[in-house]
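The structure appears below as structure tokens.
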Amino acid sequence: MTRIFSDYAYGPGPRMGCWWDETCEIPDRPAVQGSLTAEVAIIGAGFTGLSAALHLAKAGVDVVVLEAEFPGWGASGRNGGFCCLGGSMLDDAALDARFGASGRLEFRAAEKVSVDLVADLIDDLGLEVDRHSTGETELAHRPKDMDDLRKKAARTEENYGVSSQLIEKSDLAAAGLGGPFFGALTIPIGFGLNPLKYLTGLAAAGAASGARIYHRSPVRQLQASVRRHRLETDAGSVTAQHVIVATNGYSSEHLPAEIAGRYMPGQSNVLVTRPLSDAEIEKQGWHSDQMSYDTRHLLHYFRLMPDRRFLFGMRGGLMTGAAAESRARRRIRRDFARMFPAWARVEATHMWSGMVCLSRNRLPFVGELTPASGFWAGMCYHGNGVAMGTLAGSILADCILGRNPAIYPAAIRGRLTKFPFGRARRAIMPPAYAGLMLSDRM
Ligand SMILES: Cc1cc2nc3c(=O)[nH]c(=O)nc-3n(C[C@H](O)[C@H](O)[C@H](O)COP(=O)(O)OP(=O)(O)OC[C@H]3O[C@@H](n4cnc5c(N)ncnc54)[C@H](O)[C@@H]3O)c2cc1C
């Protein structure tokens with residue numbers, strides 16, 4: 001596999017210390033052996049791949065999922081568990097400029113539908129995923145950011161059909177949102193969950209519906225031919241009419257060649273504390289169970305979970321390797337202590353990192369990579385793929401079934417365009433991050 005970060009990013013190191021692994025058993029399944037055929041082969045068992053597999057299998061399609069490690073090994077089993085709006089880095093003005101107001105509203109509607117889809121799946125499949133939080137709360141990290149939150153509040157009704165709630169600085173303490181913030185905005189869409197429990201439930205439901213899910217089956221080669229694509233793993237192969245690429249931040253340049261240079265992996269880091277006592281919670285003044293994030297471009301996201309552990313995440317560094325991982329872990333610990341000083345000495349029992357994925361046009365891509373190629377992909381959710389990845393999987397299933405997806409905004413149907421510098425494209429990230437860091441400080 002040809003990937004653009006060092007091997008360390010794709011190995012066990014960053015995942016070691018992931019809290020979710022201690023909360024949920026993942027049943028073992030075999031690796032691919034010998035030659036198999038299927039109507040649809042899916043590469044990657046995260047939210048995108050498993051949602052597609054479940055929706056296809058339920059419609060009676062013969063589907064095989066090939067996962068290099070085990071379901072949830074990638075970002076889907078090691079994220080912050082924010083089932084939330086998002087997926088794009090474009091604001092309303094940018095969406096309007098590219099797609100018109102109706103295109104923007106279509107994309108905003110899809111964000112809401114994606115959250116509803118996860119909620120429906122959890123209910124229909126009877127999953128126990130430790131849900132909490134009524135929507136999501138965005139906290140101003142500078143006084144001037146309240147102006148942006150006020151503007152956002154004024155558009156919430158139009159964008160999402162719900163009313164939002166502005167919380168002034170003087171009311172934060174009463175709302176249990178104690179920290180270095182200057183006010184907040186709550187949009188009542190979304191909820192927190194244990195992502196690995198949700199993912200494991202999706203995998204079980206897909207398998208029960210007939211999807212064949214293989215573990216330890218990395219696709220090494222992909223041979224494309226008219227209507228029959230052959231995927232080779234270490235000990236076998238799968239021939240299929242359609243291939244869904246569901247590898248997101250763990251993608252390889254040539255799987256298939258159509259995505260080479262067209263996606264940008266980026267890192268995100270998470271820390272989880274031991275359960276906090278009532279006295280500790282009182283001391284910091286954060287007792288809300290709202291999942292929250294701050295207004296920085298390089299944002300922090302955090303939530304007090306039902307078991308009273310506190311989860312705190314942030315965008316990761318630009319380098320990978322054991323030393324870079326240690327530096328990132330020191331940095332997240334430092335930021336956590338600065339934002340929640342009463343907990344500066346509370347043990348962070350778990351820390352880990354993983355890969356998100358960005359696109360050049362700052363929008364997710366969901367669809368066929370080139371018309372009539374039989375290669376499909378759902379990717380580039382810009383760090384918000386719990387809900388949008390699930391929706392992408394269901395849209396891909398509908399497209400392959402020849403059905404019109406209930407929602408399929410133009411914004412996520414455009415082609416993935418190339419970043420400059422090909423395999424060296426990570427070079428554009430340091431100046432981009434420096435610019436974002438600077439604007440966060442101004
Ligand atoms: C630390 C962190 C925190 C995050 N927090 C949030 C959050 O709170 N809310 C939110 O909405 N989003 C969050 N995200 C983003 C979200 O997790 C992702 O957008 C989403 O999980 C992507 O799902 P996916 O199925 O497309 O890809 P992934 O879950 O990354 O799955 C890709 C899979 O493909 C497999 N694979 C790769 N290559 C091959 C191959 N050649 N053969 C076989 N298998 C292969 C990998 O092993 C992997 O399991 C976070 C991400 C990270 C890393």
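Ordering of the structure tokens sets the chain letters (A, B, ...), residue numbers begin anew at 1 in every chain, and ligands are numbered from 1 in the order given.
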Nearby polymer residues, ligand 1, at most 6 Å, only C-alpha atoms and all ligand atoms, as a PyMOL selection string:
chain A and resi 43-49+66-69+71-76+78-84+217-220+246-251+268-270+353-356+379+381+383-387+389
Selection above as a file: C-alpha atoms, as a tab-separated table (two decimals), in the first residue's frame:
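The resulting result.tsv:
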```tsv
chain	number	residue	atom	x	y	z
A	43	ILE	CA	-12.74	-1.94	1.24
A	44	GLY	CA	-12.75	-0.80	4.88
A	45	ALA	CA	-15.04	-1.60	7.81
A	46	GLY	CA	-15.72	1.78	9.37
A	47	PHE	CA	-19.02	3.67	9.41
A	48	THR	CA	-18.96	4.22	5.64
A	49	GLY	CA	-18.22	0.63	4.66
A	66	LEU	CA	-12.58	-6.53	3.39
A	67	GLU	CA	-11.01	-4.94	6.44
A	68	ALA	CA	-7.25	-4.78	6.90
A	69	GLU	CA	-7.49	-5.24	10.69
A	71	PRO	CA	-14.10	-3.35	12.16
A	72	GLY	CA	-13.50	-0.05	13.88
A	73	TRP	CA	-9.73	-0.27	13.70
A	74	GLY	CA	-9.67	3.01	11.75
A	75	ALA	CA	-11.15	6.35	12.80
A	76	SER	CA	-14.63	4.88	13.34
A	78	ARG	CA	-11.32	5.61	17.89
A	79	ASN	CA	-13.13	8.94	17.47
A	80	GLY	CA	-14.66	11.32	19.99
A	81	GLY	CA	-18.15	9.87	19.62
A	82	PHE	CA	-19.79	13.15	18.58
A	83	CYS	CA	-22.73	12.18	16.38
A	84	CYS	CA	-23.15	15.68	15.06
A	217	SER	CA	-7.72	-8.89	4.87
A	218	PRO	CA	-5.85	-5.85	3.55
A	219	VAL	CA	-6.49	-5.24	-0.13
A	220	ARG	CA	-3.01	-5.01	-1.68
A	246	ALA	CA	-14.38	3.21	2.36
A	247	THR	CA	-10.86	3.81	3.60
A	248	ASN	CA	-11.00	7.59	4.29
A	249	GLY	CA	-7.88	8.75	6.19
A	250	TYR	CA	-6.32	5.28	5.80
A	251	SER	CA	-6.56	5.27	2.00
A	268	SER	CA	-6.76	14.08	15.57
A	269	ASN	CA	-5.93	13.28	19.22
A	270	VAL	CA	-8.11	12.26	22.15
A	353	SER	CA	-4.83	9.41	17.89
A	354	GLY	CA	-6.10	8.58	14.43
A	355	MET	CA	-6.58	9.86	10.91
A	356	VAL	CA	-9.35	12.06	9.57
A	379	MET	CA	-14.82	9.95	2.13
A	381	TYR	CA	-15.78	14.19	6.19
A	383	GLY	CA	-13.34	15.10	11.11
A	384	ASN	CA	-17.14	14.70	11.28
A	385	GLY	CA	-17.87	11.24	9.92
A	386	VAL	CA	-19.90	9.47	12.61
A	387	ALA	CA	-23.14	10.72	11.08
A	389	GLY	CA	-20.08	8.49	7.03
```
Residues of range 197-402 of chain A classed as strand (DSSP E or B) by DSSP on the backbone are to be reported as a ChimeraX atom specification.
/A:212-214,221-223,229-232,236-245,264-273,286,291-294,300-304,310-315,348-358,365-368,375-379
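Closest approach to Leu363 in chain A from the set A:Leu172, A:Ala94, A:Val61, A:Leu438 is made by A:Ala94, with distances taken over only C-alpha atoms.
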Closest of A:Leu193, A:Met16, A:Ala110, A:Val40 to Arg227 in chain A - atom-to-atom distances counting only C-alpha atoms
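Going through A:Leu193, A:Met16, A:Ala110, A:Val40 one by one, the smallest distance to Arg227 in chain A is for A:Val40.
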Kindly assemble as CSV a list of the range 190-281 of chain A residues that lie within 10 Å of range 301-310 of chain A, each paired with its nearest atom pair and their distance in Å to one decimal, using only C-alpha atoms, sorted first by chain and then by ascending residue number.
```
residue,atom,partner,partner_atom,distance
A:Gly192,CA,A:Arg303,CA,8.0
A:Leu193,CA,A:Met305,CA,8.7
A:Asn194,CA,A:Met305,CA,9.3
A:Val270,CA,A:Tyr301,CA,9.0
A:Leu271,CA,A:Phe310,CA,8.2
A:Val272,CA,A:Phe310,CA,5.6
A:Thr273,CA,A:Arg309,CA,5.3
A:Arg274,CA,A:Arg309,CA,5.4
A:Pro275,CA,A:Arg309,CA,4.1
A:Leu276,CA,A:Arg308,CA,5.5
A:Ser277,CA,A:Arg308,CA,7.7
A:Asp278,CA,A:Arg308,CA,9.0
A:Ile281,CA,A:Arg308,CA,8.8
```
Next, dump the selected residues to file, keeping only N, CA, C and O atoms, as a compact mmCIF listing (two decimals), in the first residue's frame.
```
# COMPACT_ATOMS: atom_id res chain seq x y z
N GLY A 192 -23.98 12.43 21.92
CA GLY A 192 -22.73 11.72 22.12
C GLY A 192 -22.99 10.23 22.19
O GLY A 192 -24.07 9.80 22.64
N LEU A 193 -22.05 9.42 21.76
CA LEU A 193 -22.21 7.97 21.84
C LEU A 193 -20.84 7.31 21.97
O LEU A 193 -19.80 7.94 21.77
N ASN A 194 -20.88 6.03 22.31
CA ASN A 194 -19.66 5.22 22.29
C ASN A 194 -19.51 4.71 20.85
O ASN A 194 -20.30 3.87 20.40
N VAL A 270 -7.10 12.30 21.09
CA VAL A 270 -8.11 12.26 22.15
C VAL A 270 -7.46 11.86 23.48
O VAL A 270 -6.53 11.04 23.49
N LEU A 271 -7.99 12.42 24.54
CA LEU A 271 -7.58 12.06 25.91
C LEU A 271 -8.86 11.74 26.70
O LEU A 271 -9.88 12.39 26.50
N VAL A 272 -8.79 10.73 27.54
CA VAL A 272 -9.93 10.42 28.43
C VAL A 272 -9.40 10.30 29.86
O VAL A 272 -8.39 9.63 30.11
N THR A 273 -10.09 10.97 30.80
CA THR A 273 -9.64 10.92 32.20
C THR A 273 -10.28 9.73 32.93
O THR A 273 -11.20 9.10 32.42
N ARG A 274 -9.80 9.49 34.11
CA ARG A 274 -10.52 8.57 35.01
C ARG A 274 -11.85 9.23 35.37
O ARG A 274 -12.02 10.44 35.17
N PRO A 275 -12.81 8.46 35.93
CA PRO A 275 -14.08 9.09 36.34
C PRO A 275 -13.82 10.21 37.35
O PRO A 275 -13.01 10.06 38.26
N LEU A 276 -14.51 11.33 37.15
CA LEU A 276 -14.34 12.48 38.04
C LEU A 276 -15.31 12.36 39.22
O LEU A 276 -16.44 11.89 39.06
N SER A 277 -14.85 12.82 40.38
CA SER A 277 -15.75 12.80 41.55
C SER A 277 -16.68 14.01 41.49
O SER A 277 -16.42 14.98 40.75
N ASP A 278 -17.74 13.97 42.29
CA ASP A 278 -18.67 15.11 42.35
C ASP A 278 -17.91 16.38 42.74
O ASP A 278 -18.15 17.45 42.20
N ILE A 281 -15.94 17.72 39.84
CA ILE A 281 -16.84 18.33 38.85
C ILE A 281 -17.29 19.71 39.34
O ILE A 281 -17.29 20.69 38.61
```
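By only C-alpha atoms, and with residues fewer than 5 positions from range 416-427 of chain A along its chain excluded, the set lying at most 10 Å from it is Thr2, Arg3, Ile4, Phe5, Glu253, Glu258, Ile259, Ala260, Gly261, Arg262, Tyr263, Met264, Pro265, Gly266, Leu318, Met319, Ser359, Arg360, Asn361, Arg362, Leu363, Pro364, Phe365, Val366, Leu369, Thr370, Met379, Cys380 and Ala432 of chain A.
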Just want the 8 Å neighbourhood of Leu177 in chain A, counted on only C-alpha atoms, with same-chain residues fewer than 3 positions away dropped. Output as an MDAnalysis selection string.
chainID A and resid 172:174 285:288
I'd like the contact shell of Ile187 in chain A - 12 Å cut-off, only C-alpha atoms, skipping same-chain residues fewer than 5 positions apart - returned as a list of chain:residue names.
A:Cys84, A:Leu85, A:Lys112, A:Ser133, A:Thr134, A:Gly135, A:Glu136, A:Thr137, A:Glu138, A:Leu139, A:Leu149, A:Lys152, A:Ala153, A:Ala154, A:Arg155, A:Thr156, A:Glu157, A:Asn159, A:Tyr160, A:Gly161, A:Val162, A:Ser163, A:Ser164, A:Gln165, A:Leu166, A:Ile167, A:Gln290, A:Met291, A:Ser292
